[in-house]
$ cat upload-v9.csv   # CSV, C-alpha atoms
chain,number,residue,atom,x,y,z
U,1,MET,CA,0.0,0.0,0.0
U,2,ASP,CA,1.6,3.2,-1.2
U,3,THR,CA,0.7,6.2,0.9
U,4,GLN,CA,3.4,8.6,-0.2
U,5,GLY,CA,2.1,12.0,-1.1
U,6,ALA,CA,3.4,14.6,-3.4
U,7,PRO,CA,6.1,17.1,-2.1
U,8,LEU,CA,4.8,19.9,0.1
U,9,ASN,CA,6.7,23.2,0.1
U,10,ILE,CA,6.5,25.2,3.3
U,11,TYR,CA,7.4,28.9,3.2
U,12,THR,CA,7.9,31.2,6.3
U,13,ARG,CA,8.0,34.9,5.9
U,14,ASP,CA,7.8,38.0,8.1
U,15,ALA,CA,4.3,39.4,7.4
U,16,SER,CA,5.4,43.0,8.0
U,17,ASN,CA,8.1,43.1,5.3
U,18,GLY,CA,7.9,39.8,3.3
U,19,GLN,CA,11.4,38.7,4.2
U,20,ALA,CA,12.2,35.0,4.6
U,21,ILE,CA,12.6,33.8,8.1
U,22,SER,CA,13.7,30.5,9.6
U,23,ALA,CA,10.9,29.1,11.7
U,24,GLU,CA,10.1,25.8,13.3
U,25,TYR,CA,7.4,23.8,11.6
U,26,ARG,CA,5.4,20.7,12.5
U,27,LEU,CA,3.2,18.4,10.6
U,28,LEU,CA,0.5,18.2,13.3
U,29,ASN,CA,-1.0,15.0,11.9
U,30,THR,CA,2.2,13.1,12.6
U,31,TRP,CA,4.1,15.2,15.1
U,32,THR,CA,5.2,13.8,18.4
U,33,PRO,CA,7.3,15.3,21.3
U,34,LEU,CA,10.0,12.7,20.6
U,35,LEU,CA,10.9,14.4,17.3
U,36,ASN,CA,13.6,17.0,17.1
U,37,PRO,CA,12.4,20.4,15.8
U,38,TRP,CA,12.3,20.9,12.0
U,39,TYR,CA,13.1,24.4,10.6
U,40,THR,CA,12.7,26.2,7.4
U,41,ASN,CA,15.9,27.3,5.6
U,42,GLU,CA,17.4,30.5,7.0
U,43,GLN,CA,18.1,32.1,3.6
U,44,TYR,CA,14.9,31.2,1.8
U,45,GLY,CA,12.4,30.5,4.6
U,46,ARG,CA,11.6,27.2,2.8
U,47,ALA,CA,11.4,23.5,3.5
U,48,THR,CA,10.2,20.6,1.4
U,49,VAL,CA,8.6,17.5,3.0
U,50,LEU,CA,7.0,14.3,1.7
U,51,PRO,CA,3.9,13.9,3.8
U,52,PRO,CA,1.4,11.1,3.6
U,53,GLN,CA,-1.6,11.4,1.3
U,54,GLY,CA,-4.7,13.1,2.7
U,55,ALA,CA,-5.2,16.2,4.8
U,56,VAL,CA,-2.0,17.6,6.4
U,57,THR,CA,-2.0,20.5,8.9
U,58,VAL,CA,1.2,22.5,9.2
U,59,LEU,CA,2.1,24.7,12.2
U,60,ALA,CA,4.8,27.3,11.8
U,61,ARG,CA,6.1,29.1,14.9
U,62,LYS,CA,9.0,31.4,15.9
U,63,GLU,CA,9.6,33.3,19.1
U,64,GLY,CA,8.5,37.0,18.7
U,65,PHE,CA,6.0,36.1,15.9
U,66,MET,CA,2.4,34.8,15.9
U,67,ASN,CA,2.0,31.1,15.2
U,68,ASP,CA,0.2,30.1,12.0
U,69,THR,CA,-1.4,27.0,10.8
U,70,ALA,CA,-2.5,25.9,7.3
U,71,THR,CA,-4.2,22.7,6.1
U,72,ALA,CA,-3.7,21.2,2.6
U,73,THR,CA,-4.9,18.0,0.9
U,74,ILE,CA,-2.0,16.0,-0.4
U,75,ASN,CA,-2.6,13.7,-3.4
U,76,ARG,CA,-0.4,10.9,-4.6
U,77,GLY,CA,3.0,11.9,-5.8
U,78,ALA,CA,4.0,11.6,-9.5
U,79,GLY,CA,4.9,8.1,-10.4
U,80,ALA,CA,3.4,6.6,-7.2
U,81,GLY,CA,1.4,3.5,-7.2

$ encode --input "upload-v9.csv" --output "structure tokens"
Amino acid sequence: MDTQGAPLNIYTRDASNGQAISAEYRLLNTWTPLLNPWYTNEQYGRATVLPPQGAVTVLARKEGFMNDTATATINRGAGAG
């Protein structure tokens, strides 16, 4: 059973000026306190993950900024199955 979804790009930006920031992100559907934090790239404010198919909720957070969440539906990746 192939449950690999398509790649998901996560972007974190400072809402006041649009500049890329490095922020912690979590895939809330699969997150556990046992995991080390995952961060977006410092230069581009970007991360790419391969989540499972279905609804995925992403939490982005950084000290001094408001937390934000977004939910996306992930379909099968190209060539899957």

$ residues_near_point --input "upload-v9.csv" --point "(5.7, 19.5, 6.9)" --cutoff "12 Å" --atoms "all atoms listed in the file" --output "MDAnalysis selection string"
chainID U and resid 5:12 23:31 37:40 46:52 55:60 69:72 74

$ atom_distance --input "upload-v9.csv" --atom1 "atom CA of U:Gln43" --atom2 "atom CA of U:Gln4"
28.0 Å

$ closest_residue --input "upload-v9.csv" --among "U:Gly54, U:Ile21, U:Thr3, U:Thr73" --to "U:Asn41" --atoms "all atoms listed in the file"
U:Ile21

$ atom_distance --input "upload-v9.csv" --atom1 "atom CA of U:Gln53" --atom2 "atom CA of U:Arg76"
6.0 Å

$ closest_residue --input "upload-v9.csv" --among "U:Pro33, U:Met66, U:Gly45, U:Arg61" --to "U:Ala20" --atoms "all atoms listed in the file"
U:Gly45

$ atom_distance --input "upload-v9.csv" --atom1 "atom CA of U:Glu63" --atom2 "atom CA of U:Leu34"
20.7 Å
